[in-house]
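Q: Provided herewith: coords.cif, mmCIF, N, CA and C atoms.
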data_work
loop_
_atom_site.label_atom_id
_atom_site.label_comp_id
_atom_site.auth_asym_id
_atom_site.auth_seq_id
_atom_site.Cartn_x
_atom_site.Cartn_y
_atom_site.Cartn_z
N MET E 1 0.84 -1.18 0.00
CA MET E 1 0.00 0.00 0.00
C MET E 1 0.88 1.24 0.00
N ALA E 2 0.61 2.16 -0.87
CA ALA E 2 1.42 3.36 -1.00
C ALA E 2 0.80 4.51 -0.20
N GLU E 3 1.68 5.41 0.24
CA GLU E 3 1.22 6.61 0.94
C GLU E 3 1.79 7.83 0.25
N LYS E 4 0.98 8.89 0.16
CA LYS E 4 1.44 10.14 -0.45
C LYS E 4 2.40 10.84 0.49
N VAL E 5 3.51 11.30 -0.06
CA VAL E 5 4.51 12.01 0.73
C VAL E 5 4.38 13.51 0.51
N LYS E 6 4.19 13.91 -0.75
CA LYS E 6 4.12 15.32 -1.10
C LYS E 6 3.19 15.51 -2.29
N THR E 7 2.30 16.50 -2.21
CA THR E 7 1.42 16.81 -3.32
C THR E 7 2.12 17.81 -4.24
N VAL E 8 2.36 17.36 -5.47
CA VAL E 8 3.09 18.19 -6.44
C VAL E 8 2.18 18.54 -7.62
N GLY E 9 1.38 17.59 -8.10
CA GLY E 9 0.46 17.82 -9.20
C GLY E 9 1.12 17.95 -10.56
N VAL E 10 2.11 17.11 -10.82
CA VAL E 10 2.80 17.12 -12.12
C VAL E 10 1.90 16.48 -13.16
N SER E 11 1.74 17.14 -14.31
CA SER E 11 0.97 16.55 -15.41
C SER E 11 1.94 15.78 -16.30
N LYS E 12 1.68 14.48 -16.44
CA LYS E 12 2.58 13.60 -17.19
C LYS E 12 2.29 13.64 -18.68
N GLN E 13 3.35 13.58 -19.48
CA GLN E 13 3.24 13.48 -20.93
C GLN E 13 3.67 12.10 -21.37
N SER E 14 3.08 11.61 -22.41
CA SER E 14 3.44 10.31 -22.96
C SER E 14 4.87 10.36 -23.51
N GLY E 15 5.62 9.26 -23.33
CA GLY E 15 6.97 9.17 -23.87
C GLY E 15 8.05 9.65 -22.92
N PHE E 16 7.67 10.01 -21.69
CA PHE E 16 8.63 10.46 -20.69
C PHE E 16 8.57 9.58 -19.45
N LEU E 17 9.70 9.41 -18.80
CA LEU E 17 9.80 8.68 -17.54
C LEU E 17 9.94 9.71 -16.43
N TYR E 18 9.04 9.68 -15.46
CA TYR E 18 9.05 10.62 -14.34
C TYR E 18 9.56 9.92 -13.09
N TYR E 19 10.45 10.58 -12.34
CA TYR E 19 11.04 9.95 -11.17
C TYR E 19 11.48 11.00 -10.15
N LEU E 20 11.72 10.55 -8.94
CA LEU E 20 12.22 11.41 -7.87
C LEU E 20 13.73 11.29 -7.86
N GLY E 21 14.42 12.40 -8.09
CA GLY E 21 15.88 12.40 -8.15
C GLY E 21 16.51 12.34 -6.78
N LYS E 22 17.83 12.20 -6.76
CA LYS E 22 18.58 12.13 -5.50
C LYS E 22 18.47 13.42 -4.70
N ASP E 23 18.19 14.52 -5.38
CA ASP E 23 18.06 15.81 -4.70
C ASP E 23 16.67 16.02 -4.10
N GLY E 24 15.74 15.06 -4.32
CA GLY E 24 14.40 15.15 -3.75
C GLY E 24 13.41 15.90 -4.63
N ASN E 25 13.79 16.20 -5.86
CA ASN E 25 12.91 16.90 -6.80
C ASN E 25 12.41 15.95 -7.88
N VAL E 26 11.35 16.34 -8.58
CA VAL E 26 10.78 15.51 -9.64
C VAL E 26 11.47 15.84 -10.96
N TRP E 27 11.95 14.79 -11.64
CA TRP E 27 12.65 14.91 -12.91
C TRP E 27 11.95 14.07 -13.96
N ARG E 28 12.23 14.36 -15.22
CA ARG E 28 11.74 13.52 -16.31
C ARG E 28 12.83 13.34 -17.36
N SER E 29 12.79 12.18 -18.02
CA SER E 29 13.73 11.86 -19.10
C SER E 29 12.94 11.25 -20.24
N LYS E 30 13.40 11.51 -21.46
CA LYS E 30 12.76 10.92 -22.64
C LYS E 30 13.08 9.43 -22.66
N MET E 31 12.06 8.61 -22.90
CA MET E 31 12.27 7.17 -22.95
C MET E 31 12.90 6.77 -24.28
N ALA E 32 13.82 5.82 -24.22
CA ALA E 32 14.48 5.32 -25.43
C ALA E 32 13.52 4.42 -26.20
N ARG E 33 13.46 4.60 -27.48
CA ARG E 33 12.60 3.80 -28.35
C ARG E 33 13.38 3.35 -29.58
N ALA E 34 13.26 2.11 -29.95
CA ALA E 34 13.79 1.48 -31.17
C ALA E 34 14.81 2.32 -31.93
N GLY E 35 16.05 2.30 -31.49
CA GLY E 35 17.12 2.98 -32.20
C GLY E 35 17.29 4.44 -31.84
N LYS E 36 16.34 5.02 -31.16
CA LYS E 36 16.46 6.41 -30.73
C LYS E 36 16.84 6.43 -29.25
N GLY E 37 17.84 7.21 -28.93
CA GLY E 37 18.29 7.28 -27.55
C GLY E 37 17.36 8.09 -26.68
N GLY E 38 17.47 7.86 -25.40
CA GLY E 38 16.68 8.61 -24.43
C GLY E 38 17.57 9.62 -23.73
N GLY E 39 17.24 9.92 -22.50
CA GLY E 39 18.08 10.81 -21.71
C GLY E 39 17.57 12.22 -21.67
N ASN E 40 18.52 13.17 -21.57
CA ASN E 40 18.22 14.59 -21.47
C ASN E 40 17.28 14.89 -20.31
N ALA E 41 17.72 14.61 -19.09
CA ALA E 41 16.89 14.82 -17.91
C ALA E 41 16.65 16.31 -17.68
N GLU E 42 15.41 16.64 -17.28
CA GLU E 42 15.08 18.02 -16.95
C GLU E 42 14.21 18.03 -15.69
N LYS E 43 14.42 19.03 -14.85
CA LYS E 43 13.66 19.14 -13.62
C LYS E 43 12.27 19.65 -13.94
N VAL E 44 11.25 18.97 -13.36
CA VAL E 44 9.86 19.32 -13.62
C VAL E 44 9.26 20.10 -12.45
N ALA E 45 9.60 19.70 -11.21
CA ALA E 45 9.02 20.35 -10.04
C ALA E 45 9.96 20.25 -8.84
N ASN E 46 9.91 21.24 -7.98
CA ASN E 46 10.65 21.21 -6.73
C ASN E 46 9.77 20.56 -5.67
N ALA E 47 10.18 19.38 -5.20
CA ALA E 47 9.39 18.66 -4.21
C ALA E 47 10.02 18.77 -2.83
N GLY E 48 11.35 18.77 -2.76
CA GLY E 48 12.04 18.88 -1.48
C GLY E 48 11.79 17.70 -0.56
N VAL E 49 11.72 16.49 -1.11
CA VAL E 49 11.46 15.28 -0.32
C VAL E 49 12.78 14.69 0.14
N SER E 50 12.86 14.35 1.43
CA SER E 50 14.04 13.65 1.93
C SER E 50 13.66 12.17 2.08
N ARG E 51 14.49 11.31 1.53
CA ARG E 51 14.18 9.89 1.48
C ARG E 51 14.51 9.18 2.80
N GLN E 52 13.74 8.12 3.08
CA GLN E 52 14.01 7.25 4.20
C GLN E 52 14.40 5.89 3.66
N SER E 53 15.28 5.22 4.36
CA SER E 53 15.73 3.90 3.95
C SER E 53 14.57 2.89 4.05
N GLY E 54 14.51 1.94 3.12
CA GLY E 54 13.50 0.90 3.14
C GLY E 54 12.22 1.22 2.38
N TYR E 55 12.18 2.36 1.68
CA TYR E 55 11.00 2.77 0.93
C TYR E 55 11.35 2.99 -0.54
N LEU E 56 10.40 2.70 -1.42
CA LEU E 56 10.52 2.96 -2.85
C LEU E 56 9.69 4.21 -3.15
N TYR E 57 10.33 5.23 -3.69
CA TYR E 57 9.65 6.50 -4.00
C TYR E 57 9.33 6.57 -5.48
N PHE E 58 8.14 7.06 -5.82
CA PHE E 58 7.70 7.13 -7.22
C PHE E 58 6.69 8.26 -7.40
N ILE E 59 6.40 8.58 -8.66
CA ILE E 59 5.40 9.59 -9.00
C ILE E 59 4.12 8.82 -9.34
N ASP E 60 3.05 9.05 -8.58
CA ASP E 60 1.82 8.29 -8.77
C ASP E 60 0.98 8.85 -9.91
N LYS E 61 -0.19 8.25 -10.14
CA LYS E 61 -1.04 8.62 -11.28
C LYS E 61 -1.60 10.03 -11.17
N ASP E 62 -1.63 10.60 -9.95
CA ASP E 62 -2.09 11.97 -9.76
C ASP E 62 -0.97 12.99 -9.96
N GLY E 63 0.26 12.51 -10.17
CA GLY E 63 1.40 13.40 -10.35
C GLY E 63 2.02 13.84 -9.03
N ASP E 64 1.74 13.10 -7.96
CA ASP E 64 2.28 13.41 -6.64
C ASP E 64 3.37 12.40 -6.27
N VAL E 65 4.20 12.75 -5.29
CA VAL E 65 5.25 11.86 -4.83
C VAL E 65 4.66 10.92 -3.78
N SER E 66 4.82 9.61 -4.01
CA SER E 66 4.33 8.59 -3.08
C SER E 66 5.47 7.64 -2.76
N ARG E 67 5.24 6.84 -1.70
CA ARG E 67 6.24 5.84 -1.35
C ARG E 67 5.54 4.56 -0.90
N ALA E 68 6.25 3.42 -1.08
CA ALA E 68 5.76 2.12 -0.67
C ALA E 68 6.89 1.39 0.03
N LYS E 69 6.55 0.62 1.03
CA LYS E 69 7.55 -0.14 1.77
C LYS E 69 8.11 -1.22 0.86
N MET E 70 9.45 -1.36 0.84
CA MET E 70 10.07 -2.39 0.01
C MET E 70 9.90 -3.76 0.64
N ALA E 71 9.61 -4.75 -0.17
CA ALA E 71 9.50 -6.13 0.30
C ALA E 71 10.90 -6.72 0.33
N ARG E 72 11.37 -7.02 1.53
CA ARG E 72 12.73 -7.57 1.70
C ARG E 72 12.68 -8.82 2.56
N GLY E 73 13.59 -9.74 2.31
CA GLY E 73 13.75 -10.92 3.15
C GLY E 73 12.59 -11.90 3.13
N ARG E 74 12.06 -12.16 1.94
CA ARG E 74 10.93 -13.10 1.86
C ARG E 74 11.41 -14.51 1.87
#
As C-alpha cells - that is how I would like this structure written.

A:
Amino acid sequence: MAEKVKTVGVSKQSGFLYYLGKDGNVWRSKMARAGKGGGNAEKVANAGVSRQSGYLYFIDKDGDVSRAKMARGR
C-alpha cells in the first residue's frame, strides 16, 4: 500500500519517464525507443522530499510523490 509524501500535481506526458531524483525533486527523461536514444533529464518540479531507507519512492497517477515499503527478506 502506497502513501502520499508530497502533493506536487505534475501533469505527465506520454513518452517520458518521471522519477524522484537524488536531490528530492521531480525529474523527467525521454524514454528510449527502437534505435532512438533517451536521456536529457530536466527538472519538472521542486518537491524537497528527503528519502528514508526501506522505501521505494515514485510519481503516482495523480502526479504526486508517493512511497511504498520495500518487500525484503521473503

Q: By how many Å are CA of Ser29 in chain E and CA of Asp62 in chain E apart?

A: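 Answer for the CA of Ser29 in chain E to CA of Asp62 in chain E separation: 18.4 Å.
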
Q: Running the PyMOL selection byres (((chain E and resi 28 and name CA) around 7) and name CA) on this model by hand, what would come out? Give it as an NGL selection string.

A: :E and (16-19 or 27 or 29-30 or 41-44)

Q: Care to translate the PyMOL selection byres ((chain E and resi 65-68) around 6.5) into actual residues of this file, as a ChimeraX atom specification?

A: /E:1-9,54-60,63-64,69-70

Q: Run the PyMOL selection byres ((chain E and resi 48) around 5) against the file shown and list the residues it catches, as an MDAnalysis selection string.

A: chainID E and resid 24:25 46:47 49:50

Q: Can you work out the spacing between CA of Ala45 in chain E and CA of Arg33 in chain E in Å, to one decimal?

A: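 Taking CA of Ala45 in chain E and CA of Arg33 in chain E, their separation equals 24.9 Å.
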
Q: By how many Å are CA of Gly39 in chain E and atom C of Ala71 in chain E apart?

A: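 Interatomic distance, CA of Gly39 in chain E to atom C of Ala71 in chain E: 29.1 Å.
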
Q: From chain E, collect each residue whose DSSP state is strand (DSSP E) and return the set as a PyMOL selection string.

A: chain E and resi 3-6+16-20+26-30+39-45+55-59+65-69

Q: Restrict the output to chain E and C-alpha atoms, then write it as an mmCIF file, in the first residue's frame.

A:
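New file part_36.cif:
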data_model
loop_
_atom_site.group_PDB
_atom_site.id
_atom_site.type_symbol
_atom_site.label_atom_id
_atom_site.label_comp_id
_atom_site.auth_asym_id
_atom_site.auth_seq_id
_atom_site.Cartn_x
_atom_site.Cartn_y
_atom_site.Cartn_z
ATOM 1 C CA MET E 1 0.000 0.000 0.000
ATOM 2 C CA ALA E 2 1.417 3.364 -1.004
ATOM 3 C CA GLU E 3 1.220 6.606 0.937
ATOM 4 C CA LYS E 4 1.444 10.145 -0.450
ATOM 5 C CA VAL E 5 4.511 12.011 0.725
ATOM 6 C CA LYS E 6 4.122 15.321 -1.100
ATOM 7 C CA THR E 7 1.418 16.815 -3.324
ATOM 8 C CA VAL E 8 3.086 18.193 -6.439
ATOM 9 C CA GLY E 9 0.458 17.824 -9.203
ATOM 10 C CA VAL E 10 2.804 17.123 -12.117
ATOM 11 C CA SER E 11 0.971 16.547 -15.413
ATOM 12 C CA LYS E 12 2.582 13.601 -17.194
ATOM 13 C CA GLN E 13 3.235 13.481 -20.930
ATOM 14 C CA SER E 14 3.439 10.312 -22.956
ATOM 15 C CA GLY E 15 6.968 9.167 -23.867
ATOM 16 C CA PHE E 16 8.633 10.455 -20.694
ATOM 17 C CA LEU E 17 9.799 8.680 -17.537
ATOM 18 C CA TYR E 18 9.053 10.624 -14.345
ATOM 19 C CA TYR E 19 11.038 9.951 -11.166
ATOM 20 C CA LEU E 20 12.217 11.406 -7.868
ATOM 21 C CA GLY E 21 15.879 12.398 -8.150
ATOM 22 C CA LYS E 22 18.577 12.131 -5.502
ATOM 23 C CA ASP E 23 18.059 15.812 -4.699
ATOM 24 C CA GLY E 24 14.399 15.153 -3.753
ATOM 25 C CA ASN E 25 12.913 16.900 -6.798
ATOM 26 C CA VAL E 26 10.775 15.514 -9.642
ATOM 27 C CA TRP E 27 12.649 14.914 -12.908
ATOM 28 C CA ARG E 28 11.741 13.521 -16.314
ATOM 29 C CA SER E 29 13.728 11.861 -19.101
ATOM 30 C CA LYS E 30 12.760 10.920 -22.636
ATOM 31 C CA MET E 31 12.271 7.167 -22.952
ATOM 32 C CA ALA E 32 14.478 5.321 -25.427
ATOM 33 C CA ARG E 33 12.603 3.798 -28.349
ATOM 34 C CA ALA E 34 13.790 1.479 -31.166
ATOM 35 C CA GLY E 35 17.120 2.981 -32.197
ATOM 36 C CA LYS E 36 16.462 6.409 -30.727
ATOM 37 C CA GLY E 37 18.294 7.283 -27.554
ATOM 38 C CA GLY E 38 16.681 8.613 -24.427
ATOM 39 C CA GLY E 39 18.076 10.809 -21.708
ATOM 40 C CA ASN E 40 18.223 14.592 -21.466
ATOM 41 C CA ALA E 41 16.892 14.823 -17.908
ATOM 42 C CA GLU E 42 15.075 18.017 -16.949
ATOM 43 C CA LYS E 43 13.661 19.137 -13.620
ATOM 44 C CA VAL E 44 9.857 19.322 -13.615
ATOM 45 C CA ALA E 45 9.021 20.354 -10.039
ATOM 46 C CA ASN E 46 10.648 21.208 -6.727
ATOM 47 C CA ALA E 47 9.386 18.661 -4.206
ATOM 48 C CA GLY E 48 12.042 18.878 -1.485
ATOM 49 C CA VAL E 49 11.461 15.285 -0.319
ATOM 50 C CA SER E 50 14.040 13.648 1.929
ATOM 51 C CA ARG E 51 14.184 9.886 1.481
ATOM 52 C CA GLN E 52 14.009 7.245 4.200
ATOM 53 C CA SER E 53 15.727 3.897 3.951
ATOM 54 C CA GLY E 54 13.496 0.897 3.143
ATOM 55 C CA TYR E 55 11.004 2.766 0.928
ATOM 56 C CA LEU E 56 10.520 2.962 -2.846
ATOM 57 C CA TYR E 57 9.648 6.496 -3.996
ATOM 58 C CA PHE E 58 7.701 7.129 -7.220
ATOM 59 C CA ILE E 59 5.397 9.585 -9.005
ATOM 60 C CA ASP E 60 1.821 8.290 -8.768
ATOM 61 C CA LYS E 61 -1.040 8.624 -11.281
ATOM 62 C CA ASP E 62 -2.092 11.970 -9.759
ATOM 63 C CA GLY E 63 1.400 13.400 -10.346
ATOM 64 C CA ASP E 64 2.283 13.409 -6.639
ATOM 65 C CA VAL E 65 5.252 11.863 -4.830
ATOM 66 C CA SER E 66 4.334 8.591 -3.080
ATOM 67 C CA ARG E 67 6.238 5.839 -1.346
ATOM 68 C CA ALA E 68 5.758 2.123 -0.668
ATOM 69 C CA LYS E 69 7.547 -0.145 1.774
ATOM 70 C CA MET E 70 10.074 -2.386 0.005
ATOM 71 C CA ALA E 71 9.499 -6.128 0.297
ATOM 72 C CA ARG E 72 12.726 -7.575 1.701
ATOM 73 C CA GLY E 73 13.755 -10.921 3.149
ATOM 74 C CA ARG E 74 10.934 -13.099 1.855
#
